[in-house]
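Asks: Take a look at input26.txt, compact mmCIF, C-alpha atoms:
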```txt
# COMPACT_ATOMS: atom_id res chain seq x y z
CA MET A 1 71.76 156.50 134.45
CA PRO A 2 73.37 153.54 136.19
CA LEU A 3 77.11 153.63 136.65
CA ASP A 4 79.04 151.07 134.66
CA ILE A 5 81.91 150.33 137.05
CA ASP A 6 83.77 148.48 134.30
CA SER A 7 83.92 151.44 131.96
CA TYR A 8 84.52 153.77 134.92
CA LEU A 9 87.71 151.93 135.86
CA GLY A 10 88.63 152.02 132.19
CA VAL A 11 91.84 150.53 130.92
CA HIS A 12 93.35 150.16 134.39
CA ALA A 13 91.46 147.00 135.38
CA ARG A 14 92.55 145.24 132.20
CA ALA A 15 96.08 146.59 132.55
CA LEU A 16 96.26 145.16 136.08
CA GLN A 17 95.21 141.74 134.81
CA LEU A 18 97.77 141.84 132.02
CA GLU A 19 100.53 142.97 134.37
CA SER A 20 99.66 140.14 136.73
CA ARG A 21 100.00 137.64 133.87
CA ARG A 22 103.26 139.21 132.79
CA THR A 23 104.56 138.82 136.36
CA GLU A 24 103.73 135.12 136.14
CA LEU A 25 105.48 134.76 132.80
CA LEU A 26 108.62 136.61 133.94
CA ALA A 27 108.68 134.58 137.18
CA SER A 28 108.60 131.42 135.06
CA ASN A 29 111.50 132.73 132.93
CA LEU A 30 113.56 133.38 136.06
CA ALA A 31 112.67 129.99 137.59
CA ASN A 32 113.85 128.31 134.40
CA ALA A 33 117.06 130.34 134.10
CA ASP A 34 119.11 127.11 134.29
CA THR A 35 116.81 124.74 132.41
CA PRO A 36 118.46 123.41 129.22
CA GLY A 37 116.54 124.28 126.06
CA PHE A 38 114.11 126.64 127.79
CA LYS A 39 113.01 129.54 125.59
CA SER A 40 112.34 132.84 127.35
CA ARG A 41 108.95 134.44 126.63
CA ASP A 42 107.37 137.81 127.24
CA ILE A 43 104.08 139.54 126.53
CA ASP A 44 103.91 142.32 123.94
CA PHE A 45 102.19 144.58 126.46
CA LYS A 46 101.06 147.32 124.09
CA ALA A 47 99.51 144.91 121.60
CA ALA A 48 97.93 142.79 124.35
CA LEU A 49 96.35 145.84 126.00
CA ALA A 50 95.05 147.08 122.65
CA GLN A 51 93.54 143.65 122.03
CA ALA A 52 92.00 143.54 125.51
CA GLY A 53 90.45 146.94 124.83
CA GLN A 54 89.04 145.70 121.53
CA SER A 55 87.52 142.61 123.04
CA GLN A 56 85.61 144.75 125.48
CA SER A 57 84.03 146.87 122.79
CA THR A 58 82.81 143.88 120.76
CA LEU A 59 80.04 141.68 122.08
CA PRO A 60 81.38 138.32 123.26
CA LEU A 61 79.83 135.20 121.78
CA LYS A 62 78.58 132.59 124.19
CA THR A 63 79.99 129.12 123.57
CA THR A 64 77.66 126.33 124.65
CA SER A 65 79.53 123.41 123.13
CA ALA A 66 83.17 122.37 123.09
CA THR A 67 83.10 122.43 119.28
CA HIS A 68 82.13 126.11 119.14
CA GLN A 69 84.85 128.42 117.90
CA GLN A 70 86.04 131.43 119.84
CA ILE A 71 86.37 134.65 117.93
CA ALA A 72 89.87 136.03 118.40
CA GLY A 73 90.04 138.43 121.32
CA THR A 74 86.68 137.50 122.83
CA GLY A 75 87.69 134.29 124.54
CA THR A 76 87.97 133.62 128.22
CA GLY A 77 91.65 134.57 128.21
CA SER A 78 92.67 138.13 128.88
CA GLY A 79 94.46 138.54 125.56
CA GLY A 80 97.91 137.79 126.91
CA GLU A 81 98.21 134.38 125.23
CA ALA A 82 97.96 135.71 121.69
CA GLN A 83 100.60 138.35 122.36
CA MET A 84 103.14 136.01 123.93
CA LYS A 85 106.41 136.19 122.05
CA TYR A 86 109.74 134.43 122.32
CA ARG A 87 112.60 136.68 123.30
CA VAL A 88 115.44 137.10 120.79
CA PRO A 89 118.56 136.17 122.79
CA LEU A 90 121.54 138.50 122.82
CA ALA A 91 123.96 135.72 123.71
CA PRO A 92 122.32 132.27 123.48
CA SER A 93 123.99 129.62 125.60
CA LEU A 94 125.17 126.22 124.35
CA ASP A 95 122.39 124.32 126.12
CA GLY A 96 119.70 126.16 124.11
CA ASN A 97 118.51 128.27 127.03
CA THR A 98 117.63 131.85 126.04
CA VAL A 99 116.96 133.30 129.51
CA ASP A 100 119.09 136.37 130.24
CA ALA A 101 118.75 136.69 134.02
CA GLN A 102 119.69 140.41 134.09
CA LEU A 103 117.24 141.26 131.32
CA GLU A 104 114.48 139.30 133.03
CA GLN A 105 115.21 140.95 136.38
CA ALA A 106 114.97 144.38 134.77
CA ALA A 107 111.70 143.46 133.04
CA PHE A 108 110.35 142.03 136.29
CA ALA A 109 111.21 145.19 138.24
CA GLU A 110 109.68 147.36 135.53
CA ASN A 111 106.53 145.26 135.51
CA ALA A 112 106.26 145.45 139.32
CA VAL A 113 106.47 149.25 139.18
CA ARG A 114 103.84 149.33 136.42
CA TYR A 115 101.60 147.11 138.54
CA GLN A 116 101.97 149.44 141.51
CA ALA A 117 101.28 152.47 139.31
CA THR A 118 98.11 150.81 138.02
CA LEU A 119 97.08 150.05 141.60
CA THR A 120 97.63 153.69 142.56
CA LEU A 121 95.51 154.87 139.62
CA LEU A 122 92.76 152.38 140.47
CA ASN A 123 92.86 153.50 144.09
CA GLY A 124 92.44 157.12 142.97
CA LYS A 125 89.43 156.21 140.84
CA LEU A 126 87.85 154.26 143.70
CA ARG A 127 88.51 157.12 146.12
CA SER A 128 86.77 159.57 143.78
CA LEU A 129 83.84 157.17 143.63
CA MET A 130 83.72 156.97 147.42
CA THR A 131 83.78 160.76 147.63
CA ALA A 132 80.86 160.92 145.20
CA ILE A 133 78.94 158.30 147.19
CA THR A 134 79.51 159.75 150.65
CA GLY A 135 79.38 163.37 149.45
CA GLN A 136 82.17 164.51 151.72
CA MET B 1 94.67 131.36 136.07
CA SER B 2 95.65 132.60 139.46
CA SER B 3 98.05 135.20 140.77
CA PHE B 4 99.09 132.67 143.38
CA ARG B 5 100.76 130.55 140.70
CA ILE B 6 103.74 132.90 140.90
CA PHE B 7 104.42 131.43 144.35
CA ASP B 8 104.30 127.91 142.91
CA ILE B 9 106.68 128.84 140.10
CA ALA B 10 109.16 130.72 142.30
CA GLY B 11 108.89 127.97 144.94
CA ALA B 12 109.64 125.29 142.36
CA GLY B 13 112.62 127.36 141.20
CA MET B 14 113.91 127.65 144.76
CA SER B 15 113.43 123.93 145.33
CA ALA B 16 115.30 123.06 142.11
CA GLN B 17 118.19 125.40 142.93
CA SER B 18 118.32 123.96 146.44
CA VAL B 19 118.73 120.46 144.98
CA ARG B 20 121.56 121.86 142.85
CA LEU B 21 123.19 123.38 145.94
CA ASN B 22 122.83 120.02 147.69
CA THR B 23 124.63 118.19 144.90
CA VAL B 24 127.39 120.82 144.91
CA ALA B 25 127.79 120.36 148.66
CA SER B 26 127.90 116.59 148.22
CA ASN B 27 130.46 116.85 145.40
CA LEU B 28 132.70 119.25 147.33
CA ALA B 29 132.48 117.21 150.53
CA ASN B 30 133.51 114.08 148.65
CA ALA B 31 136.15 115.73 146.46
CA GLU B 32 138.88 113.86 148.34
CA SER B 33 137.04 110.61 149.07
CA VAL B 34 139.60 108.33 147.44
CA SER B 35 139.02 104.66 146.80
CA GLY B 36 141.14 101.67 145.84
CA ASP B 37 138.65 100.65 143.16
CA ALA B 38 138.15 102.85 140.06
CA ASN B 39 134.52 101.73 139.77
CA ALA B 40 133.57 102.23 143.41
CA VAL B 41 134.93 105.76 143.70
CA TYR B 42 132.50 108.66 144.22
CA LYS B 43 131.26 110.28 140.97
CA ALA B 44 130.26 113.92 140.66
CA LYS B 45 126.47 114.35 140.67
CA HIS B 46 124.62 116.95 138.59
CA PRO B 47 120.87 117.69 138.53
CA VAL B 48 118.97 117.95 135.22
CA PHE B 49 116.28 120.63 135.18
CA GLN B 50 113.13 120.49 133.10
CA ALA B 51 110.41 123.06 132.44
CA VAL B 52 106.91 121.92 133.44
CA GLN B 53 103.90 123.06 131.44
CA SER B 54 100.76 123.52 133.52
CA ASP B 55 97.74 121.51 132.32
CA GLN B 56 95.35 124.20 133.58
CA ALA B 57 93.83 126.35 130.83
CA GLY B 58 94.89 129.97 131.13
CA ASP B 59 98.15 129.26 132.95
CA ILE B 60 100.92 130.78 130.90
CA GLY B 61 104.03 130.34 133.04
CA ASN B 62 106.17 127.23 133.14
CA SER B 63 107.24 125.75 136.45
CA VAL B 64 110.53 123.87 136.84
CA GLN B 65 111.39 120.44 138.20
CA VAL B 66 114.47 118.30 138.75
CA LEU B 67 114.09 115.56 136.15
CA ASP B 68 117.02 113.44 137.27
CA ILE B 69 120.39 113.54 139.00
CA VAL B 70 123.08 112.17 136.71
CA GLU B 71 126.56 111.03 137.62
CA SER B 72 129.50 112.42 135.68
CA GLN B 73 131.06 109.88 133.32
CA ALA B 74 134.51 111.47 133.38
CA ALA B 75 137.34 109.12 134.35
CA PRO B 76 138.45 109.25 138.00
CA GLU B 77 141.88 110.66 138.76
CA GLN B 78 144.52 107.98 139.32
CA ARG B 79 147.09 108.78 142.03
CA TYR B 80 150.17 106.84 143.04
CA ASP B 81 150.02 106.67 146.83
CA PRO B 82 151.33 103.33 148.10
CA GLY B 83 151.25 104.56 151.71
CA ASN B 84 147.49 104.95 151.62
CA PRO B 85 145.69 102.05 153.35
CA LEU B 86 143.08 102.16 150.57
CA ALA B 87 145.67 101.72 147.78
CA ASP B 88 145.22 98.77 145.42
CA ALA B 89 147.86 96.07 144.74
CA ASN B 90 149.83 98.42 142.44
CA GLY B 91 149.86 101.26 144.98
CA TYR B 92 147.24 103.39 143.21
CA VAL B 93 144.22 105.17 144.69
CA TYR B 94 141.41 106.74 142.65
CA ALA B 95 140.14 110.23 143.41
CA PRO B 96 136.60 111.33 142.41
CA ASN B 97 136.07 113.14 139.07
CA VAL B 98 134.94 116.26 140.96
CA ASN B 99 136.23 119.51 139.50
CA THR B 100 136.23 121.79 142.55
CA VAL B 101 136.53 124.99 140.49
CA GLU B 102 133.51 124.02 138.38
CA GLU B 103 131.61 123.14 141.54
CA MET B 104 132.36 126.53 143.12
CA VAL B 105 131.12 128.31 139.98
CA ASP B 106 128.04 126.08 139.99
CA MET B 107 127.47 126.97 143.64
CA ILE B 108 127.58 130.73 142.95
CA SER B 109 125.26 130.33 139.96
CA ALA B 110 122.78 128.26 142.00
CA SER B 111 122.93 130.72 144.88
CA ARG B 112 122.23 133.70 142.57
CA SER B 113 119.35 131.89 140.89
CA TYR B 114 117.92 131.01 144.30
CA GLN B 115 118.14 134.67 145.36
CA ASN B 116 116.39 135.68 142.12
CA ASN B 117 113.49 133.38 142.93
CA VAL B 118 113.29 134.70 146.49
CA GLU B 119 113.13 138.26 145.14
CA VAL B 120 110.40 137.28 142.68
CA MET B 121 108.40 135.77 145.52
CA ASN B 122 108.87 138.82 147.76
CA THR B 123 107.84 141.21 144.99
CA ALA B 124 104.80 139.10 144.06
CA ARG B 125 103.83 138.96 147.73
CA ASN B 126 104.07 142.75 148.12
CA LEU B 127 102.06 143.33 144.94
CA LEU B 128 99.32 140.91 146.03
CA LEU B 129 99.14 142.50 149.50
CA ALA B 130 98.81 145.91 147.85
CA THR B 131 96.05 144.50 145.63
CA LEU B 132 94.20 143.24 148.70
CA LYS B 133 94.22 146.79 150.07
CA LEU B 134 92.69 148.14 146.83
CA GLY B 135 90.07 150.77 147.56
CA GLN B 136 90.91 151.03 151.24
CA GLY B 137 93.02 154.14 151.17
```
Before anything else, please render the file you have as structure tokens.

Replies:
Amino acid sequence: MPLDIDSYLGVHARALQLESRRTELLASNLANADTPGFKSRDIDFKAALAQAGQSQSTLPLKTTSATHQQIAGTGTGSGGEAQMKYRVPLAPSLDGNTVDAQLEQAAFAENAVRYQATLTLLNGKLRSLMTAITGQ
Amino acid sequence: MSSFRIFDIAGAGMSAQSVRLNTVASNLANAESVSGDANAVYKAKHPVFQAVQSDQAGDIGNSVQVLDIVESQAAPEQRYDPGNPLADANGYVYAPNVNTVEEMVDMISASRSYQNNVEVMNTARNLLLATLKLGQG
């Protein structure tokens, strides 16, 4: 039986991808902390991961023309787009900006730790695989 | 979609905040640059930031850019100082409409935002370096 590396790594590979996208989104929130009218966004991580898991279990449809429709959750995206939500501001500022720098910093730090945790878990899985391969 | 876009976004943020710091420096340096002509006197400059949407499919974060630098329209301060060589025929000089307290607050805000972007870049760098080492130990 051949080893399916994708299913072996399980949810962690998709989680890493989602966390990477969330880092990008939170970085963009922090970069736009002083942009008038900018609305802070975040990814609903739980829902996005659930969707990414779903899309793996269903067979993706191949699109050969620009007019072909993508079935939700099977597109080229990693599911993060659909789960992007606008943050509800605690204290919106007069210029319409809803970025709370402290909140974003906390979310960014949390996301970085999650990313590192996922990396550690992936490393463990890969190490087990190496042990199985080398037999030592 | 690329993890390296975080560097672009944080870099754009740093660049924008640096422009803001530059205008603050310019405003503070010229806070006492009086003139004999109300129209020729220095006017406080402020940058206008704008979010930039990437045209690449799959990019979700917005970058930031300095759209314009606008001059404050507030009236310059009129001072009676007949001894000043720059004074006009009535003995008045005009001081710039720079509010030094506002500028100091702006400076702290810009400096904090800059630091935030530096931290974001450092963290993203560490995470990417750790990702490169995936499976090596």

Asks: Give me the residues near A:Val88 as a PDB file with C-alpha atoms, in the coordinates of the input, where near means some atom within 12 Å (using all atoms listed in the file) and where sequence neighbours in that chain fewer than 5 positions away do not count.

Replies:
```pdb
ATOM      1  CA  LYS A  39     113.010 129.540 125.590  1.00  0.00           C
ATOM      2  CA  SER A  40     112.340 132.840 127.350  1.00  0.00           C
ATOM      3  CA  ARG A  41     108.950 134.440 126.630  1.00  0.00           C
ATOM      4  CA  ASP A  42     107.370 137.810 127.240  1.00  0.00           C
ATOM      5  CA  ASN A  97     118.510 128.270 127.030  1.00  0.00           C
ATOM      6  CA  THR A  98     117.630 131.850 126.040  1.00  0.00           C
ATOM      7  CA  VAL A  99     116.960 133.300 129.510  1.00  0.00           C
ATOM      8  CA  ASP A 100     119.090 136.370 130.240  1.00  0.00           C
ATOM      9  CA  LEU A 103     117.240 141.260 131.320  1.00  0.00           C
TER      10      LEU A 103
END
```

Asks: What is the atom CA of B:Glu103 to atom CA of B:Val24 distance in Å?

Replies: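 Atom CA of B:Val24 lies 5.9 Å from atom CA of B:Glu103.
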
Asks: Quick one: distance from atom CA of A:Phe108 to atom CA of A:Thr23 in Å, one decimal?

Replies: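 Separation between atom CA of A:Phe108 and atom CA of A:Thr23: 6.6 Å.
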
Asks: I need the chain A residues near chain B as number ranges by chain; criterion: at most 10 Å, counting all atoms listed in the file.

Replies: A: 16-17, 20-39, 41, 76-78, 80-81, 84, 101-102, 104-105, 108-109, 112-113, 115-116, 119-120, 122-127, 129-130

Asks: What is the distance between atom CA of B:Glu32 and atom CA of B:Val98, in Å to one decimal?

Replies: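 Between atom CA of B:Glu32 and atom CA of B:Val98 the gap is 8.7 Å.
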
Asks: Which one is closest to B:Ala29: B:Gln56, B:Tyr42, B:Pro47, B:Tyr94? Count all atoms listed in the file.

Replies: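 Among the listed residues, B:Tyr42 lies closest to B:Ala29.
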
Asks: Here is a test: counting all atoms listed in the file, which residue of B:Asp106, B:Asp55, B:Asp37, B:Asp68 is nearest to B:Gly91?

Replies: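 Between B:Asp106, B:Asp55, B:Asp37, B:Asp68, the residue approaching B:Gly91 most closely is B:Asp37.
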
Asks: Set the distance at 8 Å and use only C-alpha atoms: which residues neighbour B:Ser111 once local chain neighbours fewer than 4 positions away are removed? I'd like the list as number ranges by chain.

Replies: B: 17, 21, 107, 115

Asks: Give me the residues within 10 Å of B:Leu28 as a VMD selection string, counting all atoms listed in the file and dropping any in the same chain fewer than 3 places off.

Replies: chain B and resid 22 to 25 31 to 33 44 98 to 101 103 to 104

Asks: May I have the protein, DNA and RNA residues with an atom at most 12 Å from (92.9, 150.7, 128.0), counting only C-alpha atoms in the file's coordinates, returned as a PyMOL selection string?

Replies: chain A and resi 6-18+45-57+118

Asks: Enclose stretch 87-94 of chain A, meaning all of its atoms listed in the file, in a box aligned along x, y and z, pad it by 8 Å on each side, and list the centre and edge lengths in Å to one decimal, as lines of an AutoDock Vina configuration file.

Replies:
```
center_x = 118.9
center_y = 132.4
center_z = 123.2
size_x = 28.6
size_y = 28.3
size_z = 20.8
```

Asks: Take the point (141.4, 102.4, 155.2) in the file's coordinates, draw a sphere of radius 12 Å around it, and report as a PyMOL selection string every protein, DNA or RNA residue with an atom inside or on it, counting only C-alpha atoms.

Replies: chain B and resi 33-36+83-88+93
